[in-house]
$ cat data_27.pdb   # PDB, C-alpha atoms and all ligand atoms
ATOM      1  CA  MET A   1      30.578 141.797  72.293
ATOM      2  CA  LYS A   2      29.890 141.041  75.940
ATOM      3  CA  VAL A   3      31.886 138.016  77.088
ATOM      4  CA  THR A   4      30.872 136.020  80.162
ATOM      5  CA  LYS A   5      32.865 133.177  81.696
ATOM      6  CA  THR A   6      31.051 130.089  82.950
ATOM      7  CA  HIS A   7      31.966 127.985  85.999
ATOM      8  CA  ILE A   8      33.755 125.621  83.587
ATOM      9  CA  ASP A   9      37.121 127.074  82.623
ATOM     10  CA  GLY A  10      37.337 127.925  78.908
ATOM     11  CA  LEU A  11      33.620 127.921  78.076
ATOM     12  CA  LEU A  12      32.529 131.424  77.091
ATOM     13  CA  ILE A  13      29.158 133.034  76.445
ATOM     14  CA  LEU A  14      29.186 135.877  73.922
ATOM     15  CA  GLU A  15      26.436 138.436  73.484
ATOM     16  CA  PRO A  16      26.803 140.803  70.540
ATOM     17  CA  LYS A  17      25.836 144.454  70.743
ATOM     18  CA  VAL A  18      22.765 144.762  68.530
ATOM     19  CA  HIS A  19      22.170 148.141  66.844
ATOM     20  CA  GLY A  20      18.478 148.389  66.099
ATOM     21  CA  ASP A  21      16.790 151.105  64.048
ATOM     22  CA  GLU A  22      13.712 151.573  61.881
ATOM     23  CA  ARG A  23      15.281 149.391  59.150
ATOM     24  CA  GLY A  24      15.879 146.408  61.404
ATOM     25  CA  TYR A  25      19.158 145.655  63.179
ATOM     26  CA  PHE A  26      22.892 145.293  62.677
ATOM     27  CA  PHE A  27      25.481 143.459  64.751
ATOM     28  CA  GLU A  28      29.018 142.201  64.437
ATOM     29  CA  SER A  29      28.602 138.435  64.489
ATOM     30  CA  TYR A  30      32.336 137.636  64.691
ATOM     31  CA  ARG A  31      35.354 139.667  65.690
ATOM     32  CA  LYS A  32      38.668 137.846  66.010
ATOM     33  CA  SER A  33      40.055 140.283  68.592
ATOM     34  CA  THR A  34      37.308 139.268  71.047
ATOM     35  CA  PHE A  35      39.092 135.967  71.555
ATOM     36  CA  GLU A  36      42.564 137.492  71.608
ATOM     37  CA  ASP A  37      41.383 139.843  74.376
ATOM     38  CA  GLU A  38      40.296 136.785  76.363
ATOM     39  CA  GLY A  39      43.767 135.267  75.929
ATOM     40  CA  ASN A  40      42.091 132.642  73.788
ATOM     41  CA  ALA A  41      43.329 133.367  70.237
ATOM     42  CA  VAL A  42      41.538 131.070  67.816
ATOM     43  CA  ASN A  43      42.086 130.616  64.109
ATOM     44  CA  PHE A  44      38.757 129.490  62.684
ATOM     45  CA  ILE A  45      39.105 127.711  59.332
ATOM     46  CA  GLN A  46      35.816 125.871  58.725
ATOM     47  CA  ASP A  47      32.189 127.004  58.975
ATOM     48  CA  ASN A  48      29.322 124.531  59.337
ATOM     49  CA  GLN A  49      25.588 124.956  59.013
ATOM     50  CA  ALA A  50      22.953 122.392  59.971
ATOM     51  CA  ARG A  51      19.174 122.436  59.818
ATOM     52  CA  SER A  52      17.157 120.197  62.108
ATOM     53  CA  ILE A  53      13.576 119.611  63.117
ATOM     54  CA  LYS A  54      12.148 119.776  66.641
ATOM     55  CA  ASN A  55      13.491 117.184  69.101
ATOM     56  CA  VAL A  56      16.539 116.387  66.994
ATOM     57  CA  LEU A  57      19.469 115.715  69.310
ATOM     58  CA  ARG A  58      22.950 115.803  67.739
ATOM     59  CA  GLY A  59      25.923 114.668  69.797
ATOM     60  CA  LEU A  60      27.807 114.286  71.884
ATOM     61  CA  HIS A  61      30.745 114.822  69.510
ATOM     62  CA  TYR A  62      34.395 115.851  69.641
ATOM     63  CA  GLN A  63      37.510 115.393  67.540
ATOM     64  CA  ASN A  64      40.624 113.750  68.902
ATOM     65  CA  ASN A  65      44.175 114.989  68.720
ATOM     66  CA  PRO A  66      45.923 115.952  66.488
ATOM     67  CA  VAL A  67      42.863 117.777  65.095
ATOM     68  CA  PRO A  68      40.731 118.849  68.091
ATOM     69  CA  GLN A  69      38.055 121.397  67.275
ATOM     70  CA  CYS A  70      37.225 124.615  69.065
ATOM     71  CA  LYS A  71      33.669 125.595  68.063
ATOM     72  CA  LEU A  72      31.810 128.901  68.089
ATOM     73  CA  LEU A  73      28.082 128.251  67.918
ATOM     74  CA  ARG A  74      25.130 130.440  67.052
ATOM     75  CA  VAL A  75      21.604 129.985  65.788
ATOM     76  CA  LEU A  76      20.260 131.641  62.646
ATOM     77  CA  GLU A  77      16.685 130.383  62.959
ATOM     78  CA  GLY A  78      14.779 128.830  65.838
ATOM     79  CA  SER A  79      16.277 127.790  69.171
ATOM     80  CA  ILE A  80      18.428 125.020  70.600
ATOM     81  CA  TRP A  81      19.690 123.818  73.977
ATOM     82  CA  ASP A  82      23.438 123.675  73.469
ATOM     83  CA  VAL A  83      25.590 121.531  75.748
ATOM     84  CA  ALA A  84      29.334 121.137  76.319
ATOM     85  CA  VAL A  85      30.858 118.391  78.489
ATOM     86  CA  ASP A  86      34.320 118.789  79.977
ATOM     87  CA  ILE A  87      36.392 115.734  78.934
ATOM     88  CA  ARG A  88      39.804 117.131  79.895
ATOM     89  CA  LYS A  89      41.367 114.519  82.156
ATOM     90  CA  GLY A  90      42.665 116.237  85.272
ATOM     91  CA  SER A  91      40.239 119.150  84.933
ATOM     92  CA  LYS A  92      38.493 120.013  88.193
ATOM     93  CA  THR A  93      35.208 120.032  86.258
ATOM     94  CA  TYR A  94      35.887 116.779  84.340
ATOM     95  CA  GLY A  95      32.606 115.078  83.375
ATOM     96  CA  GLN A  96      30.518 118.168  84.156
ATOM     97  CA  TRP A  97      28.238 119.734  81.569
ATOM     98  CA  TYR A  98      27.067 123.250  80.858
ATOM     99  CA  GLY A  99      23.937 124.057  78.837
ATOM    100  CA  ILE A 100      22.660 127.270  77.325
ATOM    101  CA  GLU A 101      19.786 128.259  75.058
ATOM    102  CA  LEU A 102      20.952 129.740  71.777
ATOM    103  CA  SER A 103      18.323 131.251  69.515
ATOM    104  CA  ALA A 104      17.915 133.497  66.509
ATOM    105  CA  GLU A 105      16.137 135.841  68.885
ATOM    106  CA  ASN A 106      18.700 136.047  71.717
ATOM    107  CA  LYS A 107      21.707 135.973  69.309
ATOM    108  CA  VAL A 108      23.840 134.445  72.062
ATOM    109  CA  GLN A 109      27.000 132.617  70.979
ATOM    110  CA  PHE A 110      28.785 129.816  72.798
ATOM    111  CA  LEU A 111      32.531 129.185  72.573
ATOM    112  CA  ILE A 112      33.540 125.571  73.189
ATOM    113  CA  PRO A 113      37.322 125.073  73.329
ATOM    114  CA  HIS A 114      39.387 121.925  72.750
ATOM    115  CA  GLY A 115      38.729 119.200  75.295
ATOM    116  CA  PHE A 116      34.935 119.262  75.287
ATOM    117  CA  ALA A 117      32.249 117.010  73.852
ATOM    118  CA  HIS A 118      29.402 118.962  72.276
ATOM    119  CA  GLY A 119      25.761 118.364  71.433
ATOM    120  CA  TYR A 120      22.456 120.137  71.069
ATOM    121  CA  ALA A 121      18.729 119.509  71.183
ATOM    122  CA  VAL A 122      16.278 121.449  69.016
ATOM    123  CA  LEU A 123      13.585 123.284  70.994
ATOM    124  CA  SER A 124      11.754 125.031  68.133
ATOM    125  CA  ASP A 125       9.869 123.536  65.148
ATOM    126  CA  THR A 126      13.036 123.893  63.062
ATOM    127  CA  ALA A 127      16.469 125.315  63.804
ATOM    128  CA  GLU A 128      19.336 126.465  61.635
ATOM    129  CA  VAL A 129      22.659 126.207  63.505
ATOM    130  CA  PHE A 130      25.883 127.843  62.343
ATOM    131  CA  TYR A 131      29.329 127.257  63.822
ATOM    132  CA  LYS A 132      32.944 128.043  63.195
ATOM    133  CA  CYS A 133      35.707 125.460  63.796
ATOM    134  CA  ASP A 134      39.466 125.864  64.185
ATOM    135  CA  ASN A 135      40.319 122.534  62.561
ATOM    136  CA  TYR A 136      38.986 120.716  59.528
ATOM    137  CA  TYR A 137      36.582 117.832  59.907
ATOM    138  CA  SER A 138      38.369 114.507  60.177
ATOM    139  CA  LYS A 139      36.308 111.347  59.961
ATOM    140  CA  ASP A 140      39.249 109.342  61.336
ATOM    141  CA  CYS A 141      39.502 111.491  64.472
ATOM    142  CA  GLU A 142      35.791 111.613  65.347
ATOM    143  CA  GLY A 143      34.948 110.831  68.957
ATOM    144  CA  GLY A 144      31.586 110.612  70.682
ATOM    145  CA  LEU A 145      29.801 110.015  73.958
ATOM    146  CA  TYR A 146      26.313 108.652  74.623
ATOM    147  CA  TYR A 147      23.949 111.599  75.093
ATOM    148  CA  ALA A 148      21.973 109.839  77.846
ATOM    149  CA  ASP A 149      24.962 108.640  79.877
ATOM    150  CA  PRO A 150      23.635 108.655  83.478
ATOM    151  CA  ALA A 151      27.112 109.519  84.760
ATOM    152  CA  ILE A 152      26.932 112.848  82.908
ATOM    153  CA  ASN A 153      23.173 113.261  83.465
ATOM    154  CA  ILE A 154      22.441 116.071  81.005
ATOM    155  CA  ASP A 155      19.093 117.839  81.170
ATOM    156  CA  TRP A 156      18.408 118.244  77.431
ATOM    157  CA  LYS A 157      15.259 120.347  77.966
ATOM    158  CA  ILE A 158      13.282 118.098  75.614
ATOM    159  CA  ASP A 159      11.366 114.888  76.286
ATOM    160  CA  ILE A 160      14.292 112.513  75.807
ATOM    161  CA  SER A 161      11.942 109.646  74.837
ATOM    162  CA  LYS A 162      10.996 111.732  71.763
ATOM    163  CA  ALA A 163      14.568 112.633  70.816
ATOM    164  CA  ILE A 164      15.443 112.087  67.153
ATOM    165  CA  VAL A 165      18.991 110.727  67.214
ATOM    166  CA  SER A 166      21.239 109.408  64.421
ATOM    167  CA  GLU A 167      22.135 105.714  64.355
ATOM    168  CA  LYS A 168      25.745 106.667  65.070
ATOM    169  CA  ASP A 169      24.796 108.673  68.153
ATOM    170  CA  GLN A 170      22.591 105.914  69.573
ATOM    171  CA  LYS A 171      25.721 103.739  69.769
ATOM    172  CA  GLN A 172      28.192 106.214  71.255
ATOM    173  CA  PRO A 173      30.116 104.954  74.321
ATOM    174  CA  LEU A 174      29.605 105.931  77.943
ATOM    175  CA  LEU A 175      32.138 108.343  79.423
ATOM    176  CA  LYS A 176      33.653 105.542  81.523
ATOM    177  CA  ASP A 177      34.299 103.451  78.389
ATOM    178  CA  ALA A 178      35.679 106.222  76.194
ATOM    179  CA  ASN A 179      39.417 105.779  75.835
ATOM    180  CA  ASN A 180      40.414 108.696  73.644
ATOM    181  CA  LEU A 181      39.685 111.696  75.831
ATOM    182  CA  PHE A 182      41.871 114.755  76.240
TER     183      PHE A 182
HETATM  184  C1  LIG B 201      30.746 117.319  61.075
HETATM  185  C2  LIG B 201      30.930 117.084  59.586
HETATM  186  C3  LIG B 201      30.198 116.108  58.940
HETATM  187  N1  LIG B 201      30.345 115.893  57.612
HETATM  188  C4  LIG B 201      29.542 114.853  56.958
HETATM  189  C5  LIG B 201      29.655 113.474  57.569
HETATM  190  C6  LIG B 201      28.272 112.883  57.368
HETATM  191  O1  LIG B 201      28.186 112.288  56.091
HETATM  192  C7  LIG B 201      27.352 114.092  57.390
HETATM  193  C8  LIG B 201      26.600 114.274  58.703
HETATM  194  O2  LIG B 201      27.563 114.181  59.764
HETATM  195  P1  LIG B 201      27.106 114.003  61.277
HETATM  196  O3  LIG B 201      26.005 113.022  61.342
HETATM  197  O4  LIG B 201      28.337 113.718  62.083
HETATM  198  O5  LIG B 201      26.541 115.455  61.605
HETATM  199  P2  LIG B 201      26.218 116.060  63.042
HETATM  200  O6  LIG B 201      25.594 115.000  63.877
HETATM  201  O7  LIG B 201      25.472 117.304  62.837
HETATM  202  O8  LIG B 201      27.679 116.352  63.607
HETATM  203  C9  LIG B 201      27.939 117.553  64.290
HETATM  204  O9  LIG B 201      27.324 117.454  65.575
HETATM  205  C10 LIG B 201      27.568 118.558  66.438
HETATM  206  C11 LIG B 201      26.912 118.249  67.754
HETATM  207  C12 LIG B 201      29.004 118.920  66.525
HETATM  208  O10 LIG B 201      29.529 119.274  67.576
HETATM  209  C13 LIG B 201      29.753 118.939  65.241
HETATM  210  O11 LIG B 201      31.148 119.057  65.454
HETATM  211  C14 LIG B 201      29.455 117.735  64.402
HETATM  212  O12 LIG B 201      30.042 116.585  64.998
HETATM  213  O13 LIG B 201      28.175 115.234  57.126
HETATM  214  C15 LIG B 201      31.235 116.646  56.871
HETATM  215  O14 LIG B 201      31.375 116.449  55.632
HETATM  216  N2  LIG B 201      31.942 117.621  57.470
HETATM  217  C16 LIG B 201      31.822 117.883  58.809
HETATM  218  O15 LIG B 201      32.504 118.814  59.338
END
$ encode --input "data_27.pdb" --output "structure tokens"
Amino acid sequence: MKVTKTHIDGLLILEPKVHGDERGYFFESYRKSTFEDEGNAVNFIQDNQARSIKNVLRGLHYQNNPVPQCKLLRVLEGSIWDVAVDIRKGSKTYGQWYGIELSAENKVQFLIPHGFAHGYAVLSDTAEVFYKCDNYYSKDCEGGLYYADPAINIDWKIDISKAIVSEKDQKQPLLKDANNLF
């Protein structure tokens, strides 16, 4: 697994070594020691899978303390533009976002630690997204930010006027009004 750091501390890009042959391919999709080697030991305890159609935009979401979630994202079918926003108060990159295309074809994975809001937009006709989490889902601790907050100014790589967004996500607060950040 090739691990690349981004300019935002803690966000990692992972690229598995794919062994191709006449049968198809094989790769290790998860190896715990990868994160230990990075000094970032994570104990994943929940897996999620979501299917979406083109232009669906999910997010921005995070979970508050005491159950923050570290997420390891990958795409099983199609492609998405995956975005993490640094919401760690005091971080030198607070309020900044990082985006990366994850697809079934490129097999890239994205590690989003505690202290980030996360969302993605679907670029392909359909996309099947799979992610591991290090804490269980807690409805009571859900937090969110408005995906089109001008202060964050995310380029979602889709026509935002065509974005398909849940009712909940249309009403998420702006970063300046969110009072439960990290
Ligand atoms: C996230 C989650 C949702 N649910 C339920 C709640 C609800 O009835 C239904 C759909 O939930 P949502 O609308 O919140 O699903 P979704 O908008 O896909 O939420 C996800 O968005 C991405 C961007 C993330 O980062 C994830 O952590 C998660 O928040 O599934 C669970 O049972 N377990 C879970 O872990």
$ closest_atom_pairs --input "data_27.pdb" --of "stretch 20-53 of chain A" --to "stretch 109-130 of chain A" --cutoff "7 Å" --atoms "only C-alpha atoms" --output "tab-separated table"
residue	atom	partner	partner_atom	distance
A:Asn48	CA	A:Phe130	CA	5.6
A:Gln49	CA	A:Phe130	CA	4.4
A:Ala50	CA	A:Val129	CA	5.2
A:Arg51	CA	A:Glu128	CA	4.4
A:Ser52	CA	A:Ala127	CA	5.4
A:Ile53	CA	A:Thr126	CA	4.3
$ residues_near_ligand --input "data_27.pdb" --ligand "ligand LIG 201 (chain B)" --cutoff "10 Å" --atoms "only C-alpha atoms and all ligand atoms" --output "VMD selection string"
chain A and resid 46 to 52 56 to 63 68 to 73 82 to 84 112 116 to 121 129 131 to 133 135 to 139 142 to 144 165 to 169
$ closest_residue --input "data_27.pdb" --among "A:Leu102, A:Val67, A:Val108, A:Ala41" --to "A:Leu14" --atoms "all atoms listed in the file"
A:Val108
$ axis_aligned_box --input "data_27.pdb" --around "stretch 17-28 of chain A" --padding-each-side "8 Å" --output "AutoDock Vina command-line options"
--center_x 21.4 --center_y 146.9 --center_z 64.9 --size_x 31.3 --size_y 25.4 --size_z 27.6
$ atom_distance --input "data_27.pdb" --atom1 "atom CA of A:Arg88" --atom2 "atom CA of A:Phe182"
4.8 Å
$ closest_residue --input "data_27.pdb" --among "A:Thr4, A:Ser103, A:Asn180, A:Asn64" --to "A:Glu38" --atoms "all atoms listed in the file"
A:Thr4
$ atom_distance --input "data_27.pdb" --atom1 "atom CA of A:Gly10" --atom2 "atom CA of A:Ile154"
19.2 Å
$ closest_residue --input "data_27.pdb" --among "A:Asn55, A:Gly95, A:Cys141, A:Arg74" --to "A:Ser161" --atoms "all atoms listed in the file"
A:Asn55
$ residues_around --input "data_27.pdb" --residues "A:Leu175" --least-positions-apart "4" --cutoff "10 Å" --atoms "all atoms listed in the file" --output "VMD selection string"
chain A and resid 87 95 144 to 147 149 to 152 179 181
$ closest_residue --input "data_27.pdb" --among "A:Lys54, A:Lys17, A:Lys162, A:Lys171" --to "A:Tyr30" --atoms "all atoms listed in the file"
A:Lys17
$ decode --input "data_27.pdb" --residues "stretch 137-165 of chain A" --atoms "N, CA and C atoms" --output "mmCIF file, in the first residue's frame"
data_model
loop_
_atom_site.group_PDB
_atom_site.id
_atom_site.type_symbol
_atom_site.label_atom_id
_atom_site.label_comp_id
_atom_site.auth_asym_id
_atom_site.auth_seq_id
_atom_site.Cartn_x
_atom_site.Cartn_y
_atom_site.Cartn_z
ATOM 1 N N TYR A 137 -22.118 4.351 14.616
ATOM 2 C CA TYR A 137 -23.028 5.451 14.276
ATOM 3 C C TYR A 137 -23.805 5.864 15.523
ATOM 4 N N SER A 138 -23.905 7.163 15.720
ATOM 5 C CA SER A 138 -24.694 7.687 16.834
ATOM 6 C C SER A 138 -25.552 8.834 16.326
ATOM 7 N N LYS A 139 -26.845 8.602 16.280
ATOM 8 C CA LYS A 139 -27.753 9.640 15.779
ATOM 9 C C LYS A 139 -27.654 10.899 16.653
ATOM 10 N N ASP A 140 -27.467 10.690 17.959
ATOM 11 C CA ASP A 140 -27.421 11.827 18.889
ATOM 12 C C ASP A 140 -26.178 12.691 18.695
ATOM 13 N N CYS A 141 -25.122 12.111 18.154
ATOM 14 C CA CYS A 141 -23.856 12.855 18.026
ATOM 15 C C CYS A 141 -23.588 13.328 16.604
ATOM 16 N N GLU A 142 -24.604 13.211 15.720
ATOM 17 C CA GLU A 142 -24.395 13.637 14.332
ATOM 18 C C GLU A 142 -24.180 15.147 14.255
ATOM 19 N N GLY A 143 -23.219 15.541 13.427
ATOM 20 C CA GLY A 143 -22.993 16.954 13.152
ATOM 21 C C GLY A 143 -22.919 17.137 11.638
ATOM 22 N N GLY A 144 -23.208 18.356 11.179
ATOM 23 C CA GLY A 144 -23.144 18.590 9.742
ATOM 24 C C GLY A 144 -22.811 20.028 9.417
ATOM 25 N N LEU A 145 -22.375 20.234 8.192
ATOM 26 C CA LEU A 145 -22.112 21.579 7.675
ATOM 27 C C LEU A 145 -22.756 21.688 6.301
ATOM 28 N N TYR A 146 -23.145 22.912 5.932
ATOM 29 C CA TYR A 146 -23.781 23.134 4.633
ATOM 30 C C TYR A 146 -22.747 22.954 3.520
ATOM 31 N N TYR A 147 -23.082 22.101 2.563
ATOM 32 C CA TYR A 147 -22.113 21.737 1.509
ATOM 33 C C TYR A 147 -21.713 22.927 0.635
ATOM 34 N N ALA A 148 -22.597 23.930 0.544
ATOM 35 C CA ALA A 148 -22.301 25.075 -0.335
ATOM 36 C C ALA A 148 -21.932 26.314 0.472
ATOM 37 N N ASP A 149 -21.410 26.123 1.666
ATOM 38 C CA ASP A 149 -20.969 27.249 2.492
ATOM 39 C C ASP A 149 -19.883 28.033 1.732
ATOM 40 N N PRO A 150 -20.149 29.308 1.410
ATOM 41 C CA PRO A 150 -19.151 30.076 0.638
ATOM 42 C C PRO A 150 -17.838 30.251 1.382
ATOM 43 N N ALA A 151 -17.879 30.175 2.711
ATOM 44 C CA ALA A 151 -16.641 30.336 3.486
ATOM 45 C C ALA A 151 -15.708 29.133 3.290
ATOM 46 N N ILE A 152 -16.285 27.984 2.968
ATOM 47 C CA ILE A 152 -15.444 26.799 2.710
ATOM 48 C C ILE A 152 -15.142 26.717 1.209
ATOM 49 N N ASN A 153 -16.178 27.010 0.393
ATOM 50 C CA ASN A 153 -15.985 27.153 -1.058
ATOM 51 C C ASN A 153 -15.437 25.885 -1.723
ATOM 52 N N ILE A 154 -16.151 24.787 -1.537
ATOM 53 C CA ILE A 154 -15.713 23.507 -2.114
ATOM 54 C C ILE A 154 -16.067 23.441 -3.597
ATOM 55 N N ASP A 155 -15.114 23.011 -4.398
ATOM 56 C CA ASP A 155 -15.391 22.676 -5.797
ATOM 57 C C ASP A 155 -15.807 21.205 -5.812
ATOM 58 N N TRP A 156 -17.107 20.952 -6.027
ATOM 59 C CA TRP A 156 -17.626 19.578 -5.943
ATOM 60 C C TRP A 156 -17.479 18.799 -7.250
ATOM 61 N N LYS A 157 -17.010 19.464 -8.294
ATOM 62 C CA LYS A 157 -16.772 18.808 -9.590
ATOM 63 C C LYS A 157 -18.052 18.328 -10.272
ATOM 64 N N ILE A 158 -19.197 18.765 -9.761
ATOM 65 C CA ILE A 158 -20.468 18.532 -10.462
ATOM 66 C C ILE A 158 -21.152 19.886 -10.570
ATOM 67 N N ASP A 159 -22.173 19.969 -11.428
ATOM 68 C CA ASP A 159 -22.968 21.191 -11.511
ATOM 69 C C ASP A 159 -23.815 21.242 -10.241
ATOM 70 N N ILE A 160 -23.452 22.169 -9.345
ATOM 71 C CA ILE A 160 -24.054 22.190 -8.011
ATOM 72 C C ILE A 160 -25.566 22.458 -8.077
ATOM 73 N N SER A 161 -26.016 23.120 -9.168
ATOM 74 C CA SER A 161 -27.459 23.390 -9.295
ATOM 75 C C SER A 161 -28.228 22.091 -9.568
ATOM 76 N N LYS A 162 -27.494 21.037 -9.977
ATOM 77 C CA LYS A 162 -28.153 19.745 -10.256
ATOM 78 C C LYS A 162 -27.938 18.747 -9.122
ATOM 79 N N ALA A 163 -27.292 19.197 -8.049
ATOM 80 C CA ALA A 163 -26.964 18.263 -6.961
ATOM 81 C C ALA A 163 -28.240 17.716 -6.319
ATOM 82 N N ILE A 164 -28.223 16.414 -6.070
ATOM 83 C CA ILE A 164 -29.346 15.750 -5.381
ATOM 84 C C ILE A 164 -28.922 15.594 -3.919
ATOM 85 N N VAL A 165 -29.612 16.355 -3.050
ATOM 86 C CA VAL A 165 -29.171 16.485 -1.656
ATOM 87 C C VAL A 165 -30.340 16.147 -0.723
#
